[in-house]
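Okay, final-v2.pdb now, which holds PDB, C-alpha atoms and all ligand atoms:
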```pdb
ATOM      1  CA  MET A 965       6.550  20.475 -20.566
ATOM      2  CA  SER A 966       6.666  16.850 -19.618
ATOM      3  CA  SER A 967       5.114  14.045 -21.570
ATOM      4  CA  LEU A 968       4.483  10.446 -20.833
ATOM      5  CA  TYR A 969       6.388   9.574 -24.017
ATOM      6  CA  PRO A 970      10.151   9.762 -24.673
ATOM      7  CA  ALA A 971      11.247  12.664 -26.885
ATOM      8  CA  SER A 972      14.107  10.610 -28.170
ATOM      9  CA  ARG A 973      13.837   7.016 -29.359
ATOM     10  CA  PRO A 974      17.220   5.438 -30.205
ATOM     11  CA  ARG A 975      15.372   2.177 -30.768
ATOM     12  CA  ARG A 976      14.129   3.522 -34.142
ATOM     13  CA  LEU A 977      17.567   2.827 -35.592
ATOM     14  CA  ARG A 978      17.745  -0.675 -34.134
ATOM     15  CA  ARG A 979      14.568  -2.110 -35.589
ATOM     16  CA  THR A 980      16.079  -4.289 -38.306
ATOM     17  CA  ASN A 981      19.398  -5.848 -39.080
ATOM     18  CA  ALA A 982      19.805  -3.535 -42.076
ATOM     19  CA  LEU A 983      19.267  -0.478 -39.876
ATOM     20  CA  ARG A 984      21.637  -1.755 -37.212
ATOM     21  CA  THR A 985      24.299  -2.354 -39.844
ATOM     22  CA  LEU A 986      23.759   1.030 -41.475
ATOM     23  CA  PHE A 987      24.293   2.827 -38.196
ATOM     24  CA  GLN A 988      27.182   0.710 -36.961
ATOM     25  CA  GLU A 989      30.160   2.969 -36.238
ATOM     26  CA  ILE A 990      33.147   0.633 -36.465
ATOM     27  CA  GLU A 991      34.009  -2.732 -37.948
ATOM     28  CA  ILE A 992      36.875  -5.134 -37.373
ATOM     29  CA  GLN A 993      38.749  -5.855 -40.594
ATOM     30  CA  LEU A 994      40.937  -8.868 -41.141
ATOM     31  CA  SER A 995      43.505  -6.510 -42.641
ATOM     32  CA  ASP A 996      43.827  -4.806 -39.209
ATOM     33  CA  LEU A 997      44.759  -8.041 -37.447
ATOM     34  CA  VAL A 998      48.173  -9.545 -36.750
ATOM     35  CA  LEU A 999      48.438 -13.231 -35.824
ATOM     36  CA  PRO A1000      51.184 -14.212 -33.339
ATOM     37  CA  ILE A1001      52.738 -17.623 -34.080
ATOM     38  CA  PHE A1002      55.045 -19.863 -32.040
ATOM     39  CA  VAL A1003      57.707 -21.806 -33.902
ATOM     40  CA  GLU A1004      59.719 -24.543 -32.184
ATOM     41  CA  GLU A1005      63.034 -25.822 -33.494
ATOM     42  CA  ASP A1006      64.282 -29.427 -33.363
ATOM     43  CA  VAL A1007      60.875 -31.077 -32.963
ATOM     44  CA  SER A1008      58.858 -33.073 -35.458
ATOM     45  CA  ASP A1009      55.377 -32.723 -33.987
ATOM     46  CA  TYR A1010      52.981 -29.886 -33.317
ATOM     47  CA  VAL A1011      52.825 -29.126 -29.588
ATOM     48  CA  PRO A1012      49.412 -28.005 -28.305
ATOM     49  CA  VAL A1013      49.515 -25.210 -25.729
ATOM     50  CA  SER A1014      47.247 -26.456 -22.947
ATOM     51  CA  ALA A1015      46.689 -23.002 -21.465
ATOM     52  CA  MET A1016      45.639 -21.662 -24.892
ATOM     53  CA  PRO A1017      43.148 -24.101 -26.441
ATOM     54  CA  GLY A1018      43.464 -23.989 -30.226
ATOM     55  CA  VAL A1019      47.020 -22.632 -30.211
ATOM     56  CA  VAL A1020      49.936 -24.903 -31.130
ATOM     57  CA  ARG A1021      53.665 -24.553 -31.382
ATOM     58  CA  ILE A1022      54.540 -25.100 -35.032
ATOM     59  CA  PRO A1023      57.549 -27.348 -35.699
ATOM     60  CA  GLU A1024      60.043 -25.349 -37.754
ATOM     61  CA  SER A1025      59.931 -27.980 -40.516
ATOM     62  CA  ARG A1026      56.189 -27.278 -40.950
ATOM     63  CA  LEU A1027      56.526 -23.504 -41.050
ATOM     64  CA  PRO A1028      56.406 -23.170 -44.867
ATOM     65  CA  PHE A1029      53.203 -25.232 -44.973
ATOM     66  CA  GLU A1030      51.638 -23.168 -42.190
ATOM     67  CA  ILE A1031      52.569 -19.837 -43.763
ATOM     68  CA  GLU A1032      50.956 -20.948 -47.029
ATOM     69  CA  ARG A1033      47.847 -21.955 -45.101
ATOM     70  CA  LEU A1034      47.677 -18.638 -43.241
ATOM     71  CA  ALA A1035      48.097 -16.681 -46.465
ATOM     72  CA  GLN A1036      45.353 -18.699 -48.143
ATOM     73  CA  ALA A1037      43.045 -18.024 -45.223
ATOM     74  CA  GLY A1038      43.642 -14.296 -45.702
ATOM     75  CA  ILE A1039      46.117 -13.553 -42.900
ATOM     76  CA  GLN A1040      48.329 -10.669 -44.027
ATOM     77  CA  SER A1041      50.512 -10.067 -40.979
ATOM     78  CA  ILE A1042      52.178 -12.292 -38.420
ATOM     79  CA  MET A1043      54.301 -11.815 -35.304
ATOM     80  CA  THR A1044      56.951 -14.516 -34.880
ATOM     81  CA  PHE A1045      57.972 -16.049 -31.547
ATOM     82  CA  GLY A1046      60.673 -18.712 -31.416
ATOM     83  CA  VAL A1047      60.747 -21.627 -29.016
ATOM     84  CA  SER A1048      64.480 -22.175 -28.797
ATOM     85  CA  HIS A1049      66.477 -25.224 -27.754
ATOM     86  CA  HIS A1050      69.677 -23.173 -27.770
ATOM     87  CA  LEU A1051      69.547 -21.187 -24.560
ATOM     88  CA  ASP A1052      72.444 -19.362 -22.947
ATOM     89  CA  ALA A1053      72.957 -16.565 -20.417
ATOM     90  CA  VAL A1054      72.496 -13.742 -22.934
ATOM     91  CA  GLY A1055      70.276 -15.289 -25.607
ATOM     92  CA  SER A1056      72.936 -15.218 -28.311
ATOM     93  CA  ASP A1057      71.054 -17.560 -30.647
ATOM     94  CA  SER A1058      68.681 -14.662 -31.279
ATOM     95  CA  TRP A1059      71.407 -12.711 -33.104
ATOM     96  CA  ASN A1060      73.042 -15.638 -34.842
ATOM     97  CA  GLU A1061      72.709 -15.306 -38.641
ATOM     98  CA  ASN A1062      71.550 -18.931 -38.707
ATOM     99  CA  GLY A1063      69.671 -18.865 -35.413
ATOM    100  CA  LEU A1064      65.942 -19.309 -34.928
ATOM    101  CA  VAL A1065      64.989 -15.621 -35.219
ATOM    102  CA  ALA A1066      66.793 -15.381 -38.557
ATOM    103  CA  ARG A1067      65.424 -18.665 -39.885
ATOM    104  CA  MET A1068      61.808 -17.814 -39.009
ATOM    105  CA  ALA A1069      61.964 -14.540 -40.920
ATOM    106  CA  ARG A1070      63.687 -16.143 -43.906
ATOM    107  CA  ILE A1071      61.263 -19.056 -44.129
ATOM    108  CA  CYS A1072      58.204 -16.806 -43.846
ATOM    109  CA  LYS A1073      59.401 -14.316 -46.453
ATOM    110  CA  ASP A1074      60.686 -17.021 -48.812
ATOM    111  CA  THR A1075      57.333 -18.821 -48.658
ATOM    112  CA  VAL A1076      54.979 -15.829 -48.924
ATOM    113  CA  PRO A1077      56.935 -12.667 -49.777
ATOM    114  CA  ASP A1078      53.859 -10.452 -49.276
ATOM    115  CA  MET A1079      53.239 -11.655 -45.727
ATOM    116  CA  ILE A1080      54.132  -8.856 -43.292
ATOM    117  CA  VAL A1081      56.558 -10.349 -40.810
ATOM    118  CA  MET A1082      56.968  -8.690 -37.419
ATOM    119  CA  SER A1083      59.873 -10.184 -35.526
ATOM    120  CA  ASP A1084      59.304 -10.136 -31.775
ATOM    121  CA  THR A1085      62.636  -8.835 -30.553
ATOM    122  CA  CYS A1086      63.477  -9.995 -27.058
ATOM    123  CA  PHE A1087      65.647 -12.537 -25.233
ATOM    124  CA  CYS A1088      63.353 -14.297 -22.762
ATOM    125  CA  GLU A1089      62.871 -17.281 -25.053
ATOM    126  CA  TYR A1090      66.603 -17.589 -25.696
ATOM    127  CA  THR A1091      68.047 -17.187 -22.197
ATOM    128  CA  THR A1092      68.543 -19.855 -19.524
ATOM    129  CA  HIS A1093      67.096 -17.543 -16.837
ATOM    130  CA  GLY A1094      64.126 -16.359 -18.926
ATOM    131  CA  HIS A1095      64.704 -12.644 -18.391
ATOM    132  CA  CYS A1096      64.432 -10.237 -21.311
ATOM    133  CA  GLY A1097      68.086  -9.183 -21.257
ATOM    134  CA  VAL A1098      71.568  -9.528 -19.809
ATOM    135  CA  VAL A1099      71.568 -10.246 -16.058
ATOM    136  CA  HIS A1100      74.382  -8.906 -13.876
ATOM    137  CA  ASP A1101      74.189  -9.473 -10.115
ATOM    138  CA  HIS A1102      70.453 -10.187 -10.298
ATOM    139  CA  ILE A1103      69.844  -6.918 -12.139
ATOM    140  CA  ILE A1104      68.750  -6.746 -15.770
ATOM    141  CA  ASP A1105      71.503  -4.642 -17.342
ATOM    142  CA  ASN A1106      69.713  -2.096 -19.518
ATOM    143  CA  ASP A1107      72.588  -0.839 -21.636
ATOM    144  CA  ALA A1108      74.275  -4.193 -22.206
ATOM    145  CA  THR A1109      70.889  -5.444 -23.412
ATOM    146  CA  LEU A1110      70.581  -2.528 -25.864
ATOM    147  CA  VAL A1111      73.697  -3.680 -27.691
ATOM    148  CA  ASN A1112      72.239  -7.170 -28.106
ATOM    149  CA  LEU A1113      68.863  -5.789 -29.200
ATOM    150  CA  GLY A1114      70.649  -3.929 -31.969
ATOM    151  CA  ARG A1115      72.395  -7.128 -33.049
ATOM    152  CA  GLN A1116      69.180  -9.134 -33.096
ATOM    153  CA  ALA A1117      67.352  -6.388 -35.004
ATOM    154  CA  VAL A1118      70.019  -6.287 -37.728
ATOM    155  CA  VAL A1119      69.937 -10.080 -38.115
ATOM    156  CA  ALA A1120      66.132 -10.113 -38.301
ATOM    157  CA  ALA A1121      66.137  -7.266 -40.829
ATOM    158  CA  HIS A1122      68.814  -8.973 -42.903
ATOM    159  CA  SER A1123      66.671 -12.119 -42.892
ATOM    160  CA  GLY A1124      63.726 -10.198 -44.310
ATOM    161  CA  ALA A1125      61.604  -9.115 -41.314
ATOM    162  CA  ASP A1126      59.455  -6.110 -42.226
ATOM    163  CA  PHE A1127      59.090  -4.959 -38.630
ATOM    164  CA  ILE A1128      61.317  -5.201 -35.626
ATOM    165  CA  ALA A1129      59.035  -5.429 -32.595
ATOM    166  CA  PRO A1130      61.098  -4.931 -29.445
ATOM    167  CA  SER A1131      59.340  -6.305 -26.349
ATOM    168  CA  ALA A1132      62.245  -6.329 -23.897
ATOM    169  CA  ALA A1133      61.034  -3.149 -22.165
ATOM    170  CA  MET A1134      64.537  -1.637 -21.904
ATOM    171  CA  ASP A1135      64.930   2.134 -21.770
ATOM    172  CA  GLY A1136      66.195   3.512 -25.072
ATOM    173  CA  GLN A1137      65.564   0.311 -27.016
ATOM    174  CA  VAL A1138      63.893   2.001 -29.978
ATOM    175  CA  GLN A1139      66.734   4.466 -30.449
ATOM    176  CA  ALA A1140      69.348   1.729 -30.098
ATOM    177  CA  ILE A1141      67.582  -0.440 -32.659
ATOM    178  CA  ARG A1142      67.003   2.441 -35.101
ATOM    179  CA  THR A1143      70.676   3.370 -34.911
ATOM    180  CA  ALA A1144      71.793  -0.231 -35.434
ATOM    181  CA  LEU A1145      69.412  -0.754 -38.364
ATOM    182  CA  ASP A1146      70.413   2.475 -40.095
ATOM    183  CA  GLY A1147      74.095   1.745 -39.528
ATOM    184  CA  ALA A1148      73.695  -1.622 -41.239
ATOM    185  CA  GLY A1149      71.782  -0.195 -44.205
ATOM    186  CA  PHE A1150      68.270  -1.194 -43.117
ATOM    187  CA  GLN A1151      66.658   2.251 -43.254
ATOM    188  CA  ASP A1152      63.438   0.728 -44.602
ATOM    189  CA  THR A1153      62.935  -1.794 -41.826
ATOM    190  CA  ALA A1154      60.255  -0.418 -39.521
ATOM    191  CA  ILE A1155      59.934  -0.546 -35.743
ATOM    192  CA  MET A1156      56.683  -1.559 -34.074
ATOM    193  CA  ALA A1157      57.507  -0.660 -30.491
ATOM    194  CA  TYR A1158      55.912  -2.461 -27.575
ATOM    195  CA  SER A1159      55.895   1.081 -26.263
ATOM    196  CA  THR A1160      53.543   0.715 -23.301
ATOM    197  CA  LYS A1161      54.037  -2.735 -21.876
ATOM    198  CA  PHE A1162      52.648  -3.549 -18.464
ATOM    199  CA  ALA A1163      54.005  -6.192 -16.068
ATOM    200  CA  SER A1164      50.791  -8.159 -16.447
ATOM    201  CA  ALA A1165      49.295 -11.345 -15.061
ATOM    202  CA  PHE A1166      47.644 -11.766 -18.463
ATOM    203  CA  TYR A1167      50.928 -13.062 -19.950
ATOM    204  CA  GLY A1168      50.566 -16.279 -17.901
ATOM    205  CA  PRO A1169      49.733 -18.696 -20.750
ATOM    206  CA  PHE A1170      52.477 -17.195 -22.961
ATOM    207  CA  ARG A1171      55.079 -18.662 -20.609
ATOM    208  CA  GLU A1172      53.938 -22.147 -21.612
ATOM    209  CA  ALA A1173      53.498 -21.265 -25.282
ATOM    210  CA  GLY A1174      56.943 -19.705 -25.583
ATOM    211  CA  GLY A1175      58.645 -22.187 -23.262
ATOM    212  CA  THR A1176      59.964 -19.403 -21.039
ATOM    213  CA  THR A1177      61.932 -20.529 -18.013
ATOM    214  CA  LEU A1178      61.436 -17.382 -15.931
ATOM    215  CA  LYS A1179      61.178 -17.658 -12.185
ATOM    216  CA  GLY A1180      60.158 -14.384 -10.610
ATOM    217  CA  ASN A1181      58.785 -11.391 -12.453
ATOM    218  CA  ARG A1182      59.637  -8.515 -14.776
ATOM    219  CA  LYS A1183      58.591  -5.636 -12.557
ATOM    220  CA  THR A1184      61.948  -3.854 -12.760
ATOM    221  CA  TYR A1185      61.540  -3.361 -16.490
ATOM    222  CA  GLN A1186      57.864  -3.717 -17.433
ATOM    223  CA  MET A1187      55.398  -1.080 -16.227
ATOM    224  CA  ASN A1188      53.218  -0.975 -13.133
ATOM    225  CA  PRO A1189      49.634  -1.562 -14.368
ATOM    226  CA  MET A1190      48.350   1.042 -11.907
ATOM    227  CA  ASN A1191      50.037   3.977 -13.691
ATOM    228  CA  ARG A1192      48.213   6.123 -16.205
ATOM    229  CA  HIS A1193      50.654   8.982 -16.758
ATOM    230  CA  GLU A1194      53.689   6.753 -17.008
ATOM    231  CA  ALA A1195      51.816   4.679 -19.593
ATOM    232  CA  ILE A1196      51.423   7.712 -21.840
ATOM    233  CA  LEU A1197      54.986   8.861 -21.211
ATOM    234  CA  GLU A1198      56.439   5.474 -22.183
ATOM    235  CA  SER A1199      54.783   5.608 -25.606
ATOM    236  CA  LEU A1200      55.719   9.242 -26.183
ATOM    237  CA  LEU A1201      59.362   8.408 -25.444
ATOM    238  CA  ASP A1202      59.317   5.653 -28.068
ATOM    239  CA  ALA A1203      57.733   8.056 -30.551
ATOM    240  CA  GLU A1204      60.592  10.501 -29.965
ATOM    241  CA  GLU A1205      63.128   7.694 -30.365
ATOM    242  CA  GLY A1206      61.815   6.942 -33.843
ATOM    243  CA  ALA A1207      59.165   4.239 -33.498
ATOM    244  CA  ASP A1208      57.047   3.827 -36.649
ATOM    245  CA  ALA A1209      54.108   2.436 -34.686
ATOM    246  CA  LEU A1210      53.244   2.252 -31.002
ATOM    247  CA  MET A1211      51.591  -0.484 -28.972
ATOM    248  CA  VAL A1212      49.663  -1.022 -25.771
ATOM    249  CA  LYS A1213      49.925  -4.454 -24.203
ATOM    250  CA  PRO A1214      47.777  -6.070 -22.848
ATOM    251  CA  ALA A1215      44.749  -4.524 -24.552
ATOM    252  CA  GLY A1216      41.492  -5.390 -22.818
ATOM    253  CA  SER A1217      42.299  -4.105 -19.333
ATOM    254  CA  PHE A1218      43.967  -0.982 -20.699
ATOM    255  CA  LEU A1219      41.394   0.547 -23.003
ATOM    256  CA  ASP A1220      41.811   3.876 -21.219
ATOM    257  CA  THR A1221      45.528   3.771 -22.029
ATOM    258  CA  ILE A1222      44.806   3.035 -25.684
ATOM    259  CA  ARG A1223      42.552   6.086 -25.798
ATOM    260  CA  ASP A1224      45.047   8.269 -23.933
ATOM    261  CA  ILE A1225      47.858   7.399 -26.339
ATOM    262  CA  ARG A1226      45.592   7.708 -29.367
ATOM    263  CA  GLU A1227      44.904  11.280 -28.298
ATOM    264  CA  ALA A1228      48.529  12.059 -27.465
ATOM    265  CA  THR A1229      50.119  11.078 -30.804
ATOM    266  CA  HIS A1230      49.374  10.658 -34.491
ATOM    267  CA  LEU A1231      51.481   7.540 -34.970
ATOM    268  CA  PRO A1232      49.715   4.290 -35.855
ATOM    269  CA  LEU A1233      48.691   2.499 -32.677
ATOM    270  CA  ALA A1234      48.527  -1.250 -32.115
ATOM    271  CA  ALA A1235      47.101  -3.141 -29.164
ATOM    272  CA  TYR A1236      47.966  -6.707 -28.197
ATOM    273  CA  GLN A1237      45.158  -8.951 -26.977
ATOM    274  CA  VAL A1238      47.507 -11.238 -25.060
ATOM    275  CA  SER A1239      47.537 -14.909 -24.143
ATOM    276  CA  GLY A1240      45.570 -14.535 -20.901
ATOM    277  CA  GLU A1241      42.846 -12.532 -22.615
ATOM    278  CA  TYR A1242      42.578 -15.289 -25.217
ATOM    279  CA  ALA A1243      42.578 -18.037 -22.593
ATOM    280  CA  MET A1244      39.848 -16.405 -20.517
ATOM    281  CA  ILE A1245      37.496 -16.299 -23.483
ATOM    282  CA  LYS A1246      38.337 -19.834 -24.621
ATOM    283  CA  PHE A1247      37.892 -21.420 -21.199
ATOM    284  CA  ALA A1248      34.751 -19.489 -20.322
ATOM    285  CA  ALA A1249      33.228 -20.410 -23.691
ATOM    286  CA  ALA A1250      34.227 -24.071 -23.294
ATOM    287  CA  ALA A1251      32.478 -24.076 -19.913
ATOM    288  CA  GLY A1252      29.325 -22.782 -21.570
ATOM    289  CA  ALA A1253      29.416 -19.517 -19.644
ATOM    290  CA  ILE A1254      29.699 -17.182 -22.654
ATOM    291  CA  ASP A1255      29.351 -17.305 -26.415
ATOM    292  CA  GLU A1256      32.839 -17.284 -27.907
ATOM    293  CA  TRP A1257      32.132 -15.404 -31.116
ATOM    294  CA  HIS A1258      30.101 -12.634 -29.592
ATOM    295  CA  THR A1259      32.739 -12.199 -26.924
ATOM    296  CA  VAL A1260      35.598 -12.095 -29.428
ATOM    297  CA  ARG A1261      33.752  -9.540 -31.507
ATOM    298  CA  GLU A1262      32.912  -7.436 -28.477
ATOM    299  CA  THR A1263      36.452  -7.448 -27.083
ATOM    300  CA  LEU A1264      38.101  -6.655 -30.427
ATOM    301  CA  GLY A1265      35.465  -4.000 -31.066
ATOM    302  CA  ALA A1266      36.207  -2.405 -27.707
ATOM    303  CA  ILE A1267      39.934  -2.323 -28.493
ATOM    304  CA  LYS A1268      39.255  -0.716 -31.844
ATOM    305  CA  ARG A1269      36.732   1.768 -30.419
ATOM    306  CA  ALA A1270      39.267   2.768 -27.790
ATOM    307  CA  GLY A1271      41.537   3.864 -30.641
ATOM    308  CA  ALA A1272      43.723   0.965 -31.796
ATOM    309  CA  ASP A1273      44.368   0.846 -35.552
ATOM    310  CA  ILE A1274      45.970  -2.591 -35.458
ATOM    311  CA  ILE A1275      45.101  -5.510 -33.177
ATOM    312  CA  ILE A1276      47.453  -8.378 -32.461
ATOM    313  CA  SER A1277      45.280 -11.354 -31.534
ATOM    314  CA  TYR A1278      45.426 -15.149 -31.358
ATOM    315  CA  PHE A1279      41.863 -15.126 -32.703
ATOM    316  CA  ALA A1280      43.015 -13.710 -36.063
ATOM    317  CA  LEU A1281      43.129 -17.100 -37.807
ATOM    318  CA  ASP A1282      39.686 -18.146 -36.579
ATOM    319  CA  ILE A1283      38.350 -14.822 -37.823
ATOM    320  CA  ALA A1284      40.080 -15.295 -41.175
ATOM    321  CA  GLU A1285      38.628 -18.777 -41.553
ATOM    322  CA  GLN A1286      35.139 -18.209 -40.189
ATOM    323  CA  GLY A1287      34.458 -14.473 -40.231
ATOM    324  CA  PHE A1288      32.128 -13.176 -37.568
TER     325      PHE A1288
HETATM  326  C1  LIG B1301      58.450 -11.236 -24.585
HETATM  327  C2  LIG B1301      56.983 -11.202 -24.768
HETATM  328  C3  LIG B1301      55.976 -11.607 -23.886
HETATM  329  C4  LIG B1301      54.788 -11.473 -24.588
HETATM  330  C5  LIG B1301      55.095 -10.967 -25.844
HETATM  331  N1  LIG B1301      56.453 -10.792 -25.937
HETATM  332  C6  LIG B1301      56.073 -12.152 -22.512
HETATM  333  C7  LIG B1301      56.431 -11.278 -21.401
HETATM  334  O1  LIG B1301      56.759 -10.107 -21.568
HETATM  335  O2  LIG B1301      56.443 -11.776 -20.262
HETATM  336  C8  LIG B1301      53.428 -11.829 -24.068
HETATM  337  C9  LIG B1301      52.410 -12.142 -25.109
HETATM  338  C10 LIG B1301      51.195 -12.816 -24.594
HETATM  339  O3  LIG B1301      51.005 -13.013 -23.369
HETATM  340  O4  LIG B1301      50.371 -13.180 -25.431
HETATM  341  N2  LIG B1301      58.961 -10.322 -23.712
END
```

Starting from the coordinates I provided, produce the structure as structure tokens.
Amino acid sequence: MSSLYPASRPRRLRRTNALRTLFQEIEIQLSDLVLPIFVEEDVSDYVPVSAMPGVVRIPESRLPFEIERLAQAGIQSIMTFGVSHHLDAVGSDSWNENGLVARMARICKDTVPDMIVMSDTCFCEYTTHGHCGVVHDHIIDNDATLVNLGRQAVVAAHSGADFIAPSAAMDGQVQAIRTALDGAGFQDTAIMAYSTKFASAFYGPFREAGGTTLKGNRKTYQMNPMNRHEAILESLLDAEEGADALMVKPAGSFLDTIRDIREATHLPLAAYQVSGEYAMIKFAAAAGAIDEWHTVRETLGAIKRAGADIIISYFALDIAEQGF
């Protein structure tokens, strides 16, 4: 029997704001967000990142002030990135007990002990060549890099980091770090693995923010963005190696991957809305093409709906300060 009128009218539940709110399926909570911060040593001024409007490099001397400010705004978790002036071929400052990685963790935890500090664990900001590990004959040496990842992880843990977040994309990095941490007595320091990390064009603005010197690309260690099965496999391997939480990076172009991994494991899953995703929204909004807040809400909502429990985003502070 056909009728002129629809049998089903979803619009009934959209009539008023109260109805729309009542039937809303997900919400983005500030407590789910992690704010990445860039900290530069040996400078006295804030350095704006031109490719990321609104993002600055924080001078190390101002870090205590900034951590207080973030905590007051309601930020509960941060990811630390150092902008180093002490580069060498292997990135040894990153495992120096008084190097930038160690100091960032110590300052953050000394200032606000409850702030969850995730220490990005990599070498690209500490090496002269900008690669994420030891380079031998133009090849990134996987196993030599593992040793250094273990060293950096132990130093970060000793300095108070709650999470070691390895982003070097080396095979076996989670196992190497877990072994090093346990061997040094840091059984309670957790690992947030950048478990599925694509070789992405969306990291473009990060190069400026982090002061990375890389010429070339990371395609021999980061993943091909065209691969679905390998993306799942990479995260499952990190789960087996002992990761406490997994991550998909970037987020917005890989919502299918977030969903695939969500369905393949029961570990907590993070997704990183990276620098290029941030920049696209900021520049398009500044040009008047889109509304920034609706776009931020929609993109973070999509990441959450896809299955991410935790979202790492440069918008976290704006959200803390302004809400949606
Ligand atoms: C370090 C690292 C990168 C990012 C996070 N950790 C750069 C890269 O892998 O090239 C990118 C973050 C962003 O773009 O916001 N390996």

Check what the PyMOL selection byres (((not hetatm)) within 7 of (chain B and resi 1301)) selects in the file above and give those residues as an NGL selection string.
-> :A and (1084 or 1086 or 1088 or 1096 or 1131-1132 or 1166-1171 or 1237-1240)

Nearest to A:Gly1265: which of A:Glu1061, A:Thr1177, A:Gln993, A:Tyr1010 is it, counting all atoms listed in the file?
->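 Checking each candidate against A:Gly1265, we get A:Gln993 as the closest.
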
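Pairwise distance (atom CA of A:Asp1006, atom CA of A:Val1047) equals 9.6 Å.
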
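Across the structure, atom CA of A:Gly1046 and atom CA of A:Gln1286 are spaced 27.0 Å apart.
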
On this file, the PyMOL selection byres (((chain A and resi 1075) around 9) and not hetatm) gives some set of residues; write that set as a CSV table (one decimal) with C-alpha atoms, in the frame of the given file.
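What landed in part23.csv:
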```
chain,number,residue,atom,x,y,z
A,1027,LEU,CA,56.5,-23.5,-41.0
A,1028,PRO,CA,56.4,-23.2,-44.9
A,1029,PHE,CA,53.2,-25.2,-45.0
A,1031,ILE,CA,52.6,-19.8,-43.8
A,1032,GLU,CA,51.0,-20.9,-47.0
A,1070,ARG,CA,63.7,-16.1,-43.9
A,1071,ILE,CA,61.3,-19.1,-44.1
A,1072,CYS,CA,58.2,-16.8,-43.8
A,1073,LYS,CA,59.4,-14.3,-46.5
A,1074,ASP,CA,60.7,-17.0,-48.8
A,1076,VAL,CA,55.0,-15.8,-48.9
A,1077,PRO,CA,56.9,-12.7,-49.8
A,1079,MET,CA,53.2,-11.7,-45.7
```

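Here atom CA of A:Gly1206 is placed at a distance of 13.9 Å from atom CA of A:Leu1233.
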
Show me a table, sorted first by chain and then by increasing residue number, of the residues of stretch 1133-1243 of chain A having an atom at most 10 Å from stretch 1272-1283 of chain A, each with its shortest atom pair and the distance in Å to one decimal, counting only C-alpha atoms and written as a Markdown table.
```
| residue | atom | partner | partner_atom | distance |
| --- | --- | --- | --- | --- |
| A:Ala1209 | CA | A:Ile1274 | CA | 9.6 |
| A:Leu1210 | CA | A:Ala1272 | CA | 9.6 |
| A:Met1211 | CA | A:Ala1272 | CA | 8.5 |
| A:Val1212 | CA | A:Ala1272 | CA | 8.7 |
| A:Lys1213 | CA | A:Ile1276 | CA | 9.5 |
| A:Pro1214 | CA | A:Ile1276 | CA | 9.9 |
| A:Ala1215 | CA | A:Ile1275 | CA | 8.7 |
| A:Leu1219 | CA | A:Ala1272 | CA | 9.1 |
| A:Ile1222 | CA | A:Ala1272 | CA | 6.5 |
| A:Arg1223 | CA | A:Ala1272 | CA | 8.0 |
| A:Ile1225 | CA | A:Ala1272 | CA | 9.4 |
| A:Arg1226 | CA | A:Ala1272 | CA | 7.4 |
| A:Leu1231 | CA | A:Asp1273 | CA | 9.8 |
| A:Pro1232 | CA | A:Asp1273 | CA | 6.4 |
| A:Leu1233 | CA | A:Ala1272 | CA | 5.3 |
| A:Ala1234 | CA | A:Ile1274 | CA | 4.4 |
| A:Ala1235 | CA | A:Ile1275 | CA | 5.1 |
| A:Tyr1236 | CA | A:Ile1276 | CA | 4.6 |
| A:Gln1237 | CA | A:Ser1277 | CA | 5.2 |
| A:Val1238 | CA | A:Ser1277 | CA | 6.8 |
| A:Ser1239 | CA | A:Tyr1278 | CA | 7.5 |
| A:Glu1241 | CA | A:Ser1277 | CA | 9.3 |
| A:Tyr1242 | CA | A:Tyr1278 | CA | 6.8 |
| A:Ala1243 | CA | A:Tyr1278 | CA | 9.7 |
```

Output the residue selection produced by the PyMOL selection byres (((chain A and resi 1099-1113) around 10) and not hetatm) on the file above, formatted as an MDAnalysis selection string.
-> chainID A and resid 1053:1056 1058:1059 1085:1087 1091 1093 1095:1098 1114:1119 1128 1130:1141 1144 1182 1184:1185

Okay, now the selection with C-alpha atoms, as a tab-separated table (two decimals), keeping the file's coordinate frame?
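selection.tsv was written with the following content:
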```
chain	number	residue	atom	x	y	z
A	1053	ALA	CA	72.96	-16.57	-20.42
A	1054	VAL	CA	72.50	-13.74	-22.93
A	1055	GLY	CA	70.28	-15.29	-25.61
A	1056	SER	CA	72.94	-15.22	-28.31
A	1058	SER	CA	68.68	-14.66	-31.28
A	1059	TRP	CA	71.41	-12.71	-33.10
A	1085	THR	CA	62.64	-8.84	-30.55
A	1086	CYS	CA	63.48	-9.99	-27.06
A	1087	PHE	CA	65.65	-12.54	-25.23
A	1091	THR	CA	68.05	-17.19	-22.20
A	1093	HIS	CA	67.10	-17.54	-16.84
A	1095	HIS	CA	64.70	-12.64	-18.39
A	1096	CYS	CA	64.43	-10.24	-21.31
A	1097	GLY	CA	68.09	-9.18	-21.26
A	1098	VAL	CA	71.57	-9.53	-19.81
A	1114	GLY	CA	70.65	-3.93	-31.97
A	1115	ARG	CA	72.40	-7.13	-33.05
A	1116	GLN	CA	69.18	-9.13	-33.10
A	1117	ALA	CA	67.35	-6.39	-35.00
A	1118	VAL	CA	70.02	-6.29	-37.73
A	1119	VAL	CA	69.94	-10.08	-38.12
A	1128	ILE	CA	61.32	-5.20	-35.63
A	1130	PRO	CA	61.10	-4.93	-29.44
A	1131	SER	CA	59.34	-6.30	-26.35
A	1132	ALA	CA	62.24	-6.33	-23.90
A	1133	ALA	CA	61.03	-3.15	-22.16
A	1134	MET	CA	64.54	-1.64	-21.90
A	1135	ASP	CA	64.93	2.13	-21.77
A	1136	GLY	CA	66.19	3.51	-25.07
A	1137	GLN	CA	65.56	0.31	-27.02
A	1138	VAL	CA	63.89	2.00	-29.98
A	1139	GLN	CA	66.73	4.47	-30.45
A	1140	ALA	CA	69.35	1.73	-30.10
A	1141	ILE	CA	67.58	-0.44	-32.66
A	1144	ALA	CA	71.79	-0.23	-35.43
A	1182	ARG	CA	59.64	-8.52	-14.78
A	1184	THR	CA	61.95	-3.85	-12.76
A	1185	TYR	CA	61.54	-3.36	-16.49
```
